[in-house]
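**Student:** So here's protein06.cif, just mmCIF, C-alpha atoms:
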data_work
#
loop_
_atom_site.label_atom_id
_atom_site.label_comp_id
_atom_site.auth_asym_id
_atom_site.auth_seq_id
_atom_site.Cartn_x
_atom_site.Cartn_y
_atom_site.Cartn_z
CA MET G 1 -8.47 20.21 22.28
CA THR G 2 -11.52 18.12 21.43
CA MET G 3 -11.75 14.34 21.19
CA GLN G 4 -12.05 14.66 17.41
CA ASP G 5 -8.57 16.24 17.28
CA GLU G 6 -7.15 13.08 18.90
CA THR G 7 -8.69 10.65 16.40
CA ILE G 8 -6.09 8.49 14.66
CA VAL G 9 -6.70 8.26 10.92
CA SER G 10 -5.02 6.33 8.14
CA ALA G 11 -3.78 8.30 5.14
CA VAL G 12 -2.34 7.53 1.72
CA ILE G 13 0.36 10.09 0.95
CA SER G 14 1.41 10.19 -2.71
CA ILE G 15 4.70 11.92 -3.55
CA LEU G 16 6.15 12.75 -6.98
CA VAL G 17 9.96 12.98 -6.75
CA GLU G 18 13.09 13.23 -8.90
CA ASN G 19 14.23 9.70 -9.74
CA GLU G 20 17.74 9.95 -8.33
CA SER G 21 19.89 8.19 -5.79
CA GLY G 22 19.13 8.99 -2.16
CA VAL G 23 15.64 10.49 -2.58
CA LEU G 24 13.83 7.55 -0.99
CA ALA G 25 16.33 7.57 1.89
CA ARG G 26 15.58 11.26 2.54
CA VAL G 27 11.82 10.68 2.58
CA ILE G 28 12.13 7.64 4.84
CA GLY G 29 14.62 9.49 7.05
CA LEU G 30 12.05 12.21 7.62
CA PHE G 31 9.54 9.60 8.83
CA SER G 32 11.95 7.71 11.08
CA GLY G 33 13.59 10.86 12.45
CA ARG G 34 10.25 12.17 13.68
CA GLY G 35 8.85 8.84 14.84
CA TYR G 36 6.17 8.53 12.15
CA ASN G 37 5.18 4.99 11.26
CA ILE G 38 5.08 3.71 7.69
CA GLU G 39 2.43 1.01 7.29
CA SER G 40 3.00 0.54 3.56
CA LEU G 41 5.53 1.86 1.05
CA THR G 42 5.76 1.57 -2.72
CA VAL G 43 8.04 3.40 -5.13
CA ALA G 44 8.57 3.12 -8.88
CA PRO G 45 9.53 5.27 -11.86
CA VAL G 46 6.45 6.80 -13.50
CA GLU G 47 7.74 9.35 -16.01
CA GLN G 48 10.96 8.18 -17.65
CA SER G 49 11.41 11.28 -19.85
CA ARG G 50 11.26 13.59 -16.81
CA HIS G 51 13.14 11.18 -14.50
CA GLN G 52 10.31 11.10 -11.97
CA SER G 53 9.23 8.43 -9.50
CA ARG G 54 6.09 8.11 -7.41
CA ILE G 55 6.20 7.13 -3.76
CA ASN G 56 2.99 5.97 -2.07
CA ILE G 57 3.10 5.80 1.73
CA VAL G 58 0.31 4.62 4.00
CA THR G 59 0.71 6.09 7.47
CA SER G 60 -1.50 6.97 10.41
CA GLY G 61 -1.81 9.71 12.97
CA THR G 62 -4.05 12.55 14.02
CA PRO G 63 -5.23 14.82 11.18
CA GLN G 64 -2.72 17.42 12.42
CA VAL G 65 0.15 14.92 12.28
CA ILE G 66 -0.84 13.82 8.76
CA GLU G 67 -0.88 17.47 7.64
CA GLN G 68 2.52 18.01 9.29
CA ILE G 69 3.95 14.96 7.47
CA LYS G 70 2.64 16.28 4.15
CA ALA G 71 4.13 19.73 4.76
CA GLN G 72 7.52 18.36 5.85
CA VAL G 73 7.77 15.97 2.89
CA GLY G 74 6.82 18.83 0.57
CA ARG G 75 9.84 20.83 1.75
CA LEU G 76 12.29 18.07 0.85
CA VAL G 77 14.34 18.44 -2.30
CA PRO G 78 13.70 17.06 -4.95
CA VAL G 79 9.99 16.56 -4.15
CA TYR G 80 7.76 17.98 -6.89
CA ARG G 81 4.30 17.30 -5.49
CA VAL G 82 2.73 15.80 -2.37
CA ALA G 83 -0.92 14.86 -1.91
CA ASN G 84 -2.89 13.22 0.87
CA LEU G 85 -5.13 11.10 -1.37
CA THR G 86 -7.37 10.26 1.57
CA GLN G 87 -8.13 13.96 1.99
CA VAL G 88 -8.17 14.94 -1.71
CA GLY G 89 -11.24 12.81 -2.35
CA PRO G 90 -12.15 9.57 -4.09
CA HIS G 91 -9.12 7.50 -5.00
CA VAL G 92 -8.28 3.96 -6.03
CA ALA G 93 -5.89 2.09 -3.74
CA ARG G 94 -4.81 -1.49 -4.43
CA GLU G 95 -2.08 -3.89 -3.47
CA MET G 96 -1.00 -7.32 -4.60
CA ALA G 97 -0.07 -10.32 -2.50
CA LEU G 98 1.48 -13.70 -3.16
CA VAL G 99 0.14 -16.18 -0.61
CA LYS G 100 1.64 -19.64 -0.16
CA VAL G 101 -0.59 -22.33 1.33
CA VAL G 102 0.78 -25.79 2.15
CA SER G 103 -2.02 -28.31 2.65
CA SER G 104 -3.62 -31.55 1.58
CA GLY G 105 -7.02 -33.20 1.53
CA GLU G 106 -10.07 -31.15 2.48
CA ALA G 107 -7.96 -28.13 3.54
CA ARG G 108 -6.50 -28.01 0.02
CA THR G 109 -9.96 -28.14 -1.55
CA GLU G 110 -11.23 -25.44 0.81
CA ALA G 111 -8.25 -23.19 0.00
CA LEU G 112 -9.13 -23.47 -3.69
CA ARG G 113 -12.80 -22.64 -3.00
CA ILE G 114 -11.88 -19.55 -0.97
CA ALA G 115 -9.36 -18.46 -3.60
CA GLU G 116 -12.05 -18.67 -6.26
CA ALA G 117 -14.45 -16.58 -4.15
CA PHE G 118 -11.75 -13.91 -3.73
CA ARG G 119 -10.75 -14.10 -7.41
CA ALA G 120 -7.25 -15.15 -6.43
CA ARG G 121 -5.25 -16.88 -9.13
CA ALA G 122 -3.06 -19.93 -8.52
CA VAL G 123 0.30 -18.96 -10.06
CA ASP G 124 2.17 -22.01 -8.75
CA THR G 125 0.84 -25.43 -7.85
CA THR G 126 2.52 -28.54 -6.49
CA ALA G 127 1.09 -31.72 -4.98
CA THR G 128 1.23 -30.12 -1.52
CA SER G 129 1.15 -26.36 -2.05
CA PHE G 130 -0.33 -23.39 -3.88
CA VAL G 131 0.92 -19.87 -4.43
CA PHE G 132 -2.05 -17.56 -4.95
CA GLU G 133 -1.86 -14.10 -6.50
CA LEU G 134 -4.45 -11.69 -5.17
CA THR G 135 -5.01 -8.03 -5.99
CA GLY G 136 -7.37 -5.63 -4.26
CA ALA G 137 -7.96 -3.34 -1.32
CA THR G 138 -5.84 -3.97 1.76
CA ASP G 139 -8.80 -5.24 3.80
CA LYS G 140 -9.63 -7.80 1.08
CA LEU G 141 -6.06 -9.15 1.21
CA ASP G 142 -6.13 -9.20 5.02
CA SER G 143 -9.39 -11.19 4.98
CA PHE G 144 -8.04 -13.71 2.46
CA ILE G 145 -4.85 -14.22 4.48
CA ASP G 146 -6.85 -14.68 7.70
CA LEU G 147 -9.01 -17.35 6.01
CA MET G 148 -5.90 -19.18 4.77
CA ARG G 149 -4.28 -19.40 8.26
CA PRO G 150 -6.16 -22.52 9.42
CA LEU G 151 -5.76 -24.08 5.96
CA GLY G 152 -1.94 -24.11 5.95
CA LEU G 153 -0.80 -20.54 5.35
CA ALA G 154 2.99 -20.80 5.02
CA GLU G 155 4.21 -17.47 3.63
CA VAL G 156 3.00 -14.06 2.42
CA SER G 157 4.66 -11.41 0.26
CA ARG G 158 2.85 -8.09 -0.31
CA THR G 159 3.61 -5.18 -2.62
CA GLY G 160 2.26 -2.33 -0.53
CA VAL G 161 -0.42 0.11 -1.65
CA ALA G 162 -0.43 1.71 -5.09
CA ALA G 163 -2.93 4.58 -5.21
CA ILE G 164 -4.20 7.23 -7.61
CA ILE G 165 -6.92 9.90 -7.58
CA ARG G 166 -10.14 8.95 -9.41
CA GLY G 167 -11.26 10.97 -12.41
CA PRO G 168 -9.25 13.47 -14.47
CA ARG G 169 -7.54 15.18 -11.50
CA THR G 170 -3.86 14.41 -10.76
CA ILE G 171 -1.55 15.05 -7.86
#
Taking this structure as input, can you express it in the form of C-alpha coordinates?

**Tutor:**
Amino acid sequence: MTMQDETIVSAVISILVENESGVLARVIGLFSGRGYNIESLTVAPVEQSRHQSRINIVTSGTPQVIEQIKAQVGRLVPVYRVANLTQVGPHVAREMALVKVVSSGEARTEALRIAEAFRARAVDTTATSFVFELTGATDKLDSFIDLMRPLGLAEVSRTGVAAIIRGPRTI
(Lines of atoms letter the chains of each structure in order from A and count residues from 1; the text may use other names and numbers.)
(Lines give C-alpha, C1' and ligand atoms only; values in the text may rest on other atoms or scores of the structure.)
Protein backbone atom coordinates (compact mmCIF):
# COMPACT_ATOMS: atom_id res chain seq x y z
CA MET A 1 0.00 0.00 0.00
CA THR A 2 1.42 3.39 -0.95
CA MET A 3 1.26 6.61 1.04
CA GLN A 4 -1.25 7.97 -1.48
CA ASP A 5 -3.68 5.19 -0.54
CA GLU A 6 -3.63 6.44 3.07
CA THR A 7 -4.45 10.06 2.23
CA ILE A 8 -7.59 11.30 3.98
CA VAL A 9 -9.87 13.22 1.64
CA SER A 10 -13.12 15.09 2.15
CA ALA A 11 -16.06 14.13 -0.05
CA VAL A 12 -19.55 15.44 -0.73
CA ILE A 13 -21.88 12.47 -1.18
CA SER A 14 -25.24 13.34 -2.75
CA ILE A 15 -28.06 10.80 -2.42
CA LEU A 16 -31.49 10.83 -4.06
CA VAL A 17 -33.96 8.83 -1.92
CA GLU A 18 -37.66 8.05 -1.54
CA ASN A 19 -39.20 10.69 0.73
CA GLU A 20 -40.60 8.35 3.36
CA SER A 21 -40.33 7.78 7.07
CA GLY A 22 -37.15 6.07 8.24
CA VAL A 23 -34.98 6.61 5.14
CA LEU A 24 -32.70 9.16 6.79
CA ALA A 25 -32.35 6.89 9.83
CA ARG A 26 -31.22 4.02 7.57
CA VAL A 27 -28.61 6.16 5.83
CA ILE A 28 -27.31 7.57 9.12
CA GLY A 29 -27.37 4.10 10.68
CA LEU A 30 -25.07 2.86 7.93
CA PHE A 31 -22.57 5.61 8.77
CA SER A 32 -22.69 5.15 12.54
CA GLY A 33 -22.72 1.35 12.36
CA ARG A 34 -19.47 1.33 10.40
CA GLY A 35 -17.78 4.18 12.27
CA TYR A 36 -17.88 6.69 9.41
CA ASN A 37 -17.98 10.32 10.47
CA ILE A 38 -20.54 12.79 9.13
CA GLU A 39 -19.09 16.32 9.04
CA SER A 40 -22.19 17.90 7.50
CA LEU A 41 -25.70 16.67 6.70
CA THR A 42 -28.59 18.28 4.84
CA VAL A 43 -31.83 16.73 3.66
CA ALA A 44 -34.91 18.19 1.98
CA PRO A 45 -37.65 17.20 -0.48
CA VAL A 46 -36.63 18.01 -4.05
CA GLU A 47 -39.24 16.37 -6.29
CA GLN A 48 -42.70 16.49 -4.72
CA SER A 49 -44.47 14.67 -7.58
CA ARG A 50 -42.09 11.70 -7.31
CA HIS A 51 -41.81 11.87 -3.48
CA GLN A 52 -38.04 12.22 -3.58
CA SER A 53 -35.61 13.88 -1.18
CA ARG A 54 -31.95 14.74 -1.56
CA ILE A 55 -29.42 14.04 1.18
CA ASN A 56 -26.03 15.77 1.03
CA ILE A 57 -23.38 14.36 3.36
CA VAL A 58 -19.86 15.67 3.80
CA THR A 59 -17.58 12.95 5.13
CA SER A 60 -13.89 12.10 5.05
CA GLY A 61 -11.72 9.04 4.69
CA THR A 62 -9.31 7.37 2.33
CA PRO A 63 -10.45 7.20 -1.30
CA GLN A 64 -11.20 3.49 -0.74
CA VAL A 65 -13.38 4.25 2.29
CA ILE A 66 -15.27 6.96 0.37
CA GLU A 67 -15.91 4.49 -2.47
CA GLN A 68 -17.05 1.88 0.06
CA ILE A 69 -19.47 4.39 1.65
CA LYS A 70 -20.91 5.23 -1.78
CA ALA A 71 -21.37 1.55 -2.65
CA GLN A 72 -22.99 0.68 0.69
CA VAL A 73 -25.38 3.64 0.57
CA GLY A 74 -26.29 2.70 -3.00
CA ARG A 75 -27.45 -0.74 -1.82
CA LEU A 76 -29.90 0.72 0.69
CA VAL A 77 -33.58 0.73 -0.19
CA PRO A 78 -35.09 3.16 -1.23
CA VAL A 79 -31.97 4.93 -2.56
CA TYR A 80 -32.35 5.87 -6.23
CA ARG A 81 -28.96 7.44 -6.96
CA VAL A 82 -25.69 8.12 -5.17
CA ALA A 83 -22.87 10.35 -6.40
CA ASN A 84 -19.56 11.46 -4.93
CA LEU A 85 -19.71 15.05 -6.20
CA THR A 86 -16.08 15.59 -5.28
CA GLN A 87 -15.10 12.81 -7.67
CA VAL A 88 -17.70 13.50 -10.40
CA GLY A 89 -16.12 16.84 -11.21
CA PRO A 90 -16.87 20.52 -10.78
CA HIS A 91 -19.70 21.17 -8.36
CA VAL A 92 -21.16 24.03 -6.37
CA ALA A 93 -21.23 23.55 -2.59
CA ARG A 94 -22.62 26.19 -0.24
CA GLU A 95 -23.91 26.50 3.28
CA MET A 96 -25.60 29.20 5.28
CA ALA A 97 -24.85 30.35 8.81
CA LEU A 98 -26.53 32.62 11.32
CA VAL A 99 -23.86 34.21 13.51
CA LYS A 100 -24.71 36.13 16.68
CA VAL A 101 -22.20 38.71 17.89
CA VAL A 102 -22.69 40.53 21.19
CA SER A 103 -20.48 43.62 21.40
CA SER A 104 -20.27 47.36 21.84
CA GLY A 105 -18.02 50.24 20.88
CA GLU A 106 -15.14 49.61 18.49
CA ALA A 107 -15.72 45.82 18.47
CA ARG A 108 -19.26 46.44 17.22
CA THR A 109 -18.01 48.73 14.45
CA GLU A 110 -15.32 46.22 13.46
CA ALA A 111 -17.88 43.38 13.34
CA LEU A 112 -19.95 45.45 10.90
CA ARG A 113 -16.87 46.18 8.73
CA ILE A 114 -15.93 42.50 8.56
CA ALA A 115 -19.53 41.51 7.83
CA GLU A 116 -19.59 43.94 4.91
CA ALA A 117 -16.33 42.53 3.53
CA PHE A 118 -17.79 39.00 3.69
CA ARG A 119 -21.14 40.15 2.26
CA ALA A 120 -22.90 39.01 5.42
CA ARG A 121 -26.30 40.55 6.03
CA ALA A 122 -27.49 41.77 9.43
CA VAL A 123 -30.89 40.07 9.86
CA ASP A 124 -31.36 41.16 13.48
CA THR A 125 -29.92 44.15 15.29
CA THR A 126 -30.23 45.34 18.88
CA ALA A 127 -28.26 47.94 20.83
CA THR A 128 -25.81 45.24 21.93
CA SER A 129 -25.99 42.47 19.33
CA PHE A 130 -26.17 41.49 15.68
CA VAL A 131 -27.29 38.31 13.97
CA PHE A 132 -25.52 38.01 10.63
CA GLU A 133 -26.64 35.76 7.77
CA LEU A 134 -23.79 34.49 5.64
CA THR A 135 -23.85 32.13 2.66
CA GLY A 136 -20.88 30.60 0.89
CA ALA A 137 -18.28 27.88 0.88
CA THR A 138 -17.54 26.21 4.20
CA ASP A 139 -14.07 27.77 4.46
CA LYS A 140 -15.56 31.26 3.97
CA LEU A 141 -17.98 30.68 6.86
CA ASP A 142 -15.19 29.25 9.03
CA SER A 143 -13.04 32.34 8.37
CA PHE A 144 -15.89 34.74 9.19
CA ILE A 145 -16.66 32.91 12.44
CA ASP A 146 -12.98 32.92 13.43
CA LEU A 147 -12.80 36.69 12.85
CA MET A 148 -15.92 37.24 14.99
CA ARG A 149 -14.53 35.31 18.01
CA PRO A 150 -12.52 38.21 19.49
CA LEU A 151 -15.35 40.63 18.67
CA GLY A 152 -18.00 38.93 20.83
CA LEU A 153 -19.08 35.79 19.00
CA ALA A 154 -21.95 34.41 21.09
CA GLU A 155 -23.67 31.74 18.99
CA VAL A 156 -23.57 30.03 15.58
CA SER A 157 -26.18 28.01 13.69
CA ARG A 158 -25.21 26.39 10.36
CA THR A 159 -27.28 24.62 7.73
CA GLY A 160 -24.73 22.13 6.46
CA VAL A 161 -23.59 21.83 2.86
CA ALA A 162 -26.01 21.90 -0.07
CA ALA A 163 -24.25 20.79 -3.26
CA ILE A 164 -25.00 20.18 -6.93
CA ILE A 165 -22.99 19.27 -10.04
CA ARG A 166 -22.12 22.20 -12.32
CA GLY A 167 -23.42 22.27 -15.88
CA PRO A 168 -26.20 20.16 -17.43
CA ARG A 169 -25.18 16.86 -15.78
CA THR A 170 -27.23 15.51 -12.84
CA ILE A 171 -26.71 12.81 -10.26

**Student:** Rounded to one decimal, what separation in Å do you get between atom CA of Val77 of chain G and atom CA of Arg169 of chain G?

**Tutor:** 24.0 Å

**Student:** Which residue is closest to Thr42 of chain G? Choose from G:Ala93, G:Val79, G:Ala107, G:Leu147 and count all atoms listed in the file.

**Tutor:**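 Result for the nearest residue to Thr42 of chain G: G:Ala93.
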
**Student:** Tell me, as JSON, numbers by chain, which residues lie within 12 Å of Leu151 of chain G, counting only C-alpha atoms; anything in the same chain fewer than 4 positions away does not count.

**Tutor:** {"G": [99, 100, 101, 102, 103, 104, 105, 106, 107, 108, 109, 110, 111, 112, 113, 114, 115, 128, 129, 130, 144, 145, 146, 147]}

**Student:** What does the distance between atom CA of Thr59 of chain G and atom CA of Leu41 of chain G come to in Å, to one decimal place?

**Tutor:**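 These two atoms are separated by 9.1 Å.
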
**Student:** Return as an MDAnalysis selection string the set of residues that the PyMOL selection byres ((chain G and resi 94) around 8) yields on the displayed structure.

**Tutor:** chainID G and resid 92:93 95:96 135:138 161:163

**Student:** Which one of G:Phe31, G:Phe118, G:Phe132, G:Tyr36 sits closest to Gly61 of chain G if you count only C-alpha atoms?

**Tutor:**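 Looking only at the distances to Gly61 of chain G, the closest residue turns out to be G:Tyr36.
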
**Student:** Leaving out Pro45 of chain G and any residue of its chain fewer than 6 positions from it, which residues lie within 8 Å of it when counting all atoms listed in the file, given as a list in words?

**Tutor:**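 Here the qualifying residues turn out to be Asn19, His51, Gln52, Ser53 and Arg54 of chain G.
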
**Student:** Expressed in Å to a single decimal, how great is the separation between atom CA of Leu141 of chain G and atom CA of Ser157 of chain G?

**Tutor:** 11.0 Å

**Student:** On this file, the PyMOL selection byres ((chain G and resi 62) around 8) gives some set of residues; write that set as a VMD selection string.

**Tutor:** chain G and resid 5 to 9 60 to 61 63 to 66

**Student:** To test the calculation: enclose all listed atoms of segment 8-20 of chain G in a box whose edges run along x, y and z, add 8 Å on each side, then state centre and edge lengths in Å to one decimal, as lines of an AutoDock Vina configuration file.

**Tutor:**
center_x = 5.5
center_y = 9.8
center_z = 2.5
size_x = 40.4
size_y = 22.9
size_z = 40.4

**Student:** Pick the closest to Tyr80 of chain G from G:Val12, G:Ile28, G:Leu153, G:Ile55: which is it, counting all atoms listed in the file?

**Tutor:**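 Using all atoms listed in the file, Tyr80 of chain G sits closest to G:Ile55.
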
**Student:** Which of these, G:Val156, G:Arg149, G:Ala120, G:Ser40, has the shortest distance to Asn56 of chain G once you count only C-alpha atoms?

**Tutor:**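 Residue with the minimum atom-to-atom distance to Asn56 of chain G: G:Ser40.
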
**Student:** Of the candidates G:Asp139, G:Leu16, G:Gly22, G:Asp124, which one gets nearest to Ile164 of chain G if we count all atoms listed in the file?

**Tutor:**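 Looking at the shortest contact to Ile164 of chain G, the residue is G:Leu16.
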
**Student:** Could you check the closest approach to Ala97 of chain G for each of G:Val131, G:Val73, G:Ile15, G:Leu24 and tell me which residue wins, using only C-alpha atoms?

**Tutor:**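 Using only C-alpha atoms, Ala97 of chain G sits closest to G:Val131.
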